[in-house]
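*Asks:* Can you keep this structure in mind? I'll have questions shortly.
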Amino acid sequence: MVLIMIYVLWSPLKLQESLTSASVFLNTLTPKFYVALTGTSSLISGLILIFEWWYFRKYGTSFIEQVSVSHLRPLLGGVESSSSTGLFASVNGEAEPRPSVSECKVWRNPLNLFRGAEYNRYTWVTGKEPLTYYDMNLSAQDHQTFFTGDTPQIRPEDAVMQKAWRERNPQARIRAAYQAIEMNQECAAAYVLLAEEEATTITEAERLFKKALSIAGKDINLLVYIKRRLAMCARKLGRIKEAVKMMRDLMKEFPLLGMLNIHENLLEALLELQAYADVQAVLAKYDDISLPKSATICYTSALLKARAVSDKFSPEAASRRGLSTAEMNAVEAIHRAVEFNPHVPKYLLEMKSLILPPEHILKRGDSEAVAYAFFHLQHWKRAEGALNLLHCTWEGSMSFRIIPYPLEKGHLFYPYPGCTETADRELLPSFHEVSVYPKKELPFFILFTAGLCSFTAMLAMLTHQFPELMGVFAKAFFSTLFAPLGFFADKMESFMPSSFWHQLTRI
């Protein structure tokens, strides 16, 4: 304590000496120094701005902010936010744990396209890859587990197929499939791979799937996969009633495989037939509170209710007379769907361009929205006025908007997860601009570095154009900046006797 007091009393003398030295140093500086100083500062802040902007576009967060939260906060005794481990109210009013980032489960797209006949065609035309390595790697894991996971004894052709699914190169996968067929002519998994990867038309893929079905034996996984893809082939080739029958038979034969979401294939085919009563019957079975929801379930339910009133719906008339019961039900269903997945309306209203859907989707994410809109946009267009009602309700332009709360806080579903953006960036190709909800504001550090870069660049330009004037300004600025310190040093020196300072310096 004594040393601190001595330092406090002694410091004004040293401070005055430092101020005198700083004043002499500033007077010796030339305008070129100020140009170099401001130019260098502008360059460095510009580089930081470019990096921050790139990092934000790629990862959705500020690098400086992330480093501060991850590394500096623990050193300063901060605690992590507990929002990810909090509780939220479920639909039935009970408290449930909020899903964390690691619980953002990726699902296989029930309507995924054929690689050889559809995805590869897109690549041939545009030169762009519609699938990411992350997405294809998930598919490889699915195929390995689905086709060879339950085999009691690994046969040589099974070992070849396990390696084939892991190959990144399509031609290497196809060669491995032919190698497996040479080892065993009844290797159904090899024909499945050829139907998915080598067949360039749906007709050719269907022929290979039928060949695989004839030799699949009693392998349930193979049977379910092949029959489902055959039903999808029939749907794509226009034999919709045949496809519906195959899907119904498959669901009846294997009722416990609801996790495969075959009912979503059935719903899409029934909508194409305009069999709305059958669609409602399927929804009544699967749109249950105890079952996991999807954009297909929520938006198909909204479409049916919107279809009943949309042909005569007018926003102006509804604003004057209020909503009828049927219109209120339709608006509520649309809000329910938008709360589940807020990305879908942009694609249905063609405010964002569609791309080919990925092989895996994240529920409530942009990947699910792309997959849903890709197959169901035509059904919304077929219902007269349905898209108009969706637009009016989604925009909230009507005075009778019925949801006065932000969707990210949750109401009918758990709060909107914050992990969808990261997973969607892995699932969707780089040329697609991922839809983010809620819309993120620019981080503070990007705005700060942008302002700093602009300010220093302006100073550099002014110093280069008006060196003498800016030199005078800089000296005046620093003199004003250090004036309070000089005033404090003078007061302390006048308050203490000069002999006292002399005695302190001898200690």
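Residue numbering restarts at 1 in every chain; chains get A, B, ... in the order shown in the structure tokens, and ligands count up from 1 in that same order.
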For the contact check between stretch 166-191 of chain A and stretch 213-216 of chain A, emit one row per residue of stretch 166-191 of chain A within 9 Å, containing the shortest atom pair and the distance in Å rounded to one decimal, counting only C-alpha atoms, chain then rising number order, as a Markdown table.
*Replies:*
| residue | atom | partner | partner_atom | distance |
| --- | --- | --- | --- | --- |
| A:Glu186 | CA | A:Ile215 | CA | 5.7 |
| A:Cys187 | CA | A:Ile215 | CA | 7.4 |
| A:Ala188 | CA | A:Ala216 | CA | 5.4 |
| A:Ala189 | CA | A:Ala216 | CA | 8.2 |
*Asks:* Which one is closest to A:Ser294: A:Glu433, A:Asp311, A:Glu368, A:Glu206? Count only C-alpha atoms.
*Replies:*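 So, comparing all the options, the nearest one is A:Glu368.
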*Asks:* Excluding same-chain residues fewer than 5 positions from A:Thr126, what lies within 12 Å of it counting only C-alpha atoms, as a compact mmCIF listing (two decimals) with N, CA, C and O atoms, in the first residue's frame?
*Replies:*
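The result, written out as around-v6.txt:
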# COMPACT_ATOMS: atom_id res chain seq x y z
N TYR A 119 -29.99 -36.48 -60.94
CA TYR A 119 -28.92 -35.60 -60.45
C TYR A 119 -27.81 -35.44 -61.49
O TYR A 119 -27.31 -34.33 -61.72
N ASN A 120 -27.39 -36.54 -62.12
CA ASN A 120 -26.31 -36.46 -63.09
C ASN A 120 -26.71 -35.65 -64.32
O ASN A 120 -25.87 -34.99 -64.95
N ARG A 121 -27.98 -35.70 -64.69
CA ARG A 121 -28.45 -34.91 -65.83
C ARG A 121 -28.27 -33.41 -65.54
O ARG A 121 -27.90 -32.63 -66.42
N ILE A 355 -33.78 -25.39 -56.28
CA ILE A 355 -32.70 -26.25 -56.76
C ILE A 355 -33.15 -27.70 -56.57
O ILE A 355 -34.21 -27.96 -55.99
N PHE A 431 -23.56 -23.16 -54.21
CA PHE A 431 -24.12 -22.11 -55.07
C PHE A 431 -25.53 -21.70 -54.63
O PHE A 431 -26.09 -20.74 -55.18
*Asks:* When you count only C-alpha atoms, which of these residues is closest to A:Val370: A:Gly385, A:Arg320, A:Leu111, A:Ala205?
*Replies:*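 Answer, going by the shortest atom-to-atom distance: A:Leu111.
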*Asks:* Which one of A:Leu459, A:Ala450, A:Val472, A:Ala308 sits closest to A:Ala36 if you count only C-alpha atoms?
*Replies:*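 Ranked by minimum distance to A:Ala36, first place goes to A:Leu459.
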*Asks:* Point out the residue among A:Val338, A:Leu138, A:Ala326, A:Leu257 with the least atom-to-atom distance to A:Ile361, counting only C-alpha atoms.
*Replies:* A:Leu138
*Asks:* Which residues, written as a PyMOL selection string, have at least one atom at most 7 Å from A:Asn221, with only C-alpha atoms counted and residues fewer than 2 positions away on the same chain left out?
*Replies:* chain A and resi 146-147+219+223-225
*Asks:* Restricting the calculation to only C-alpha atoms, which member of A:Leu323, A:Asn341, A:Tyr55, A:His360 is positioned closest to A:Met136?
*Replies:* A:His360
*Asks:* Neighbouring residues of A:Glu157 were defined as those with any atom within 9 Å, considering only C-alpha atoms; residues of the same chain fewer than 5 positions away were excluded. Please report them as a list in words.
*Replies:*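 Neighbouring residues, sequence-local ones excluded: Gln162, Ala177, Gln179, Ala180, Ile181, Glu182, Met183, Asn184, Cys187 and Ala190 of chain A.
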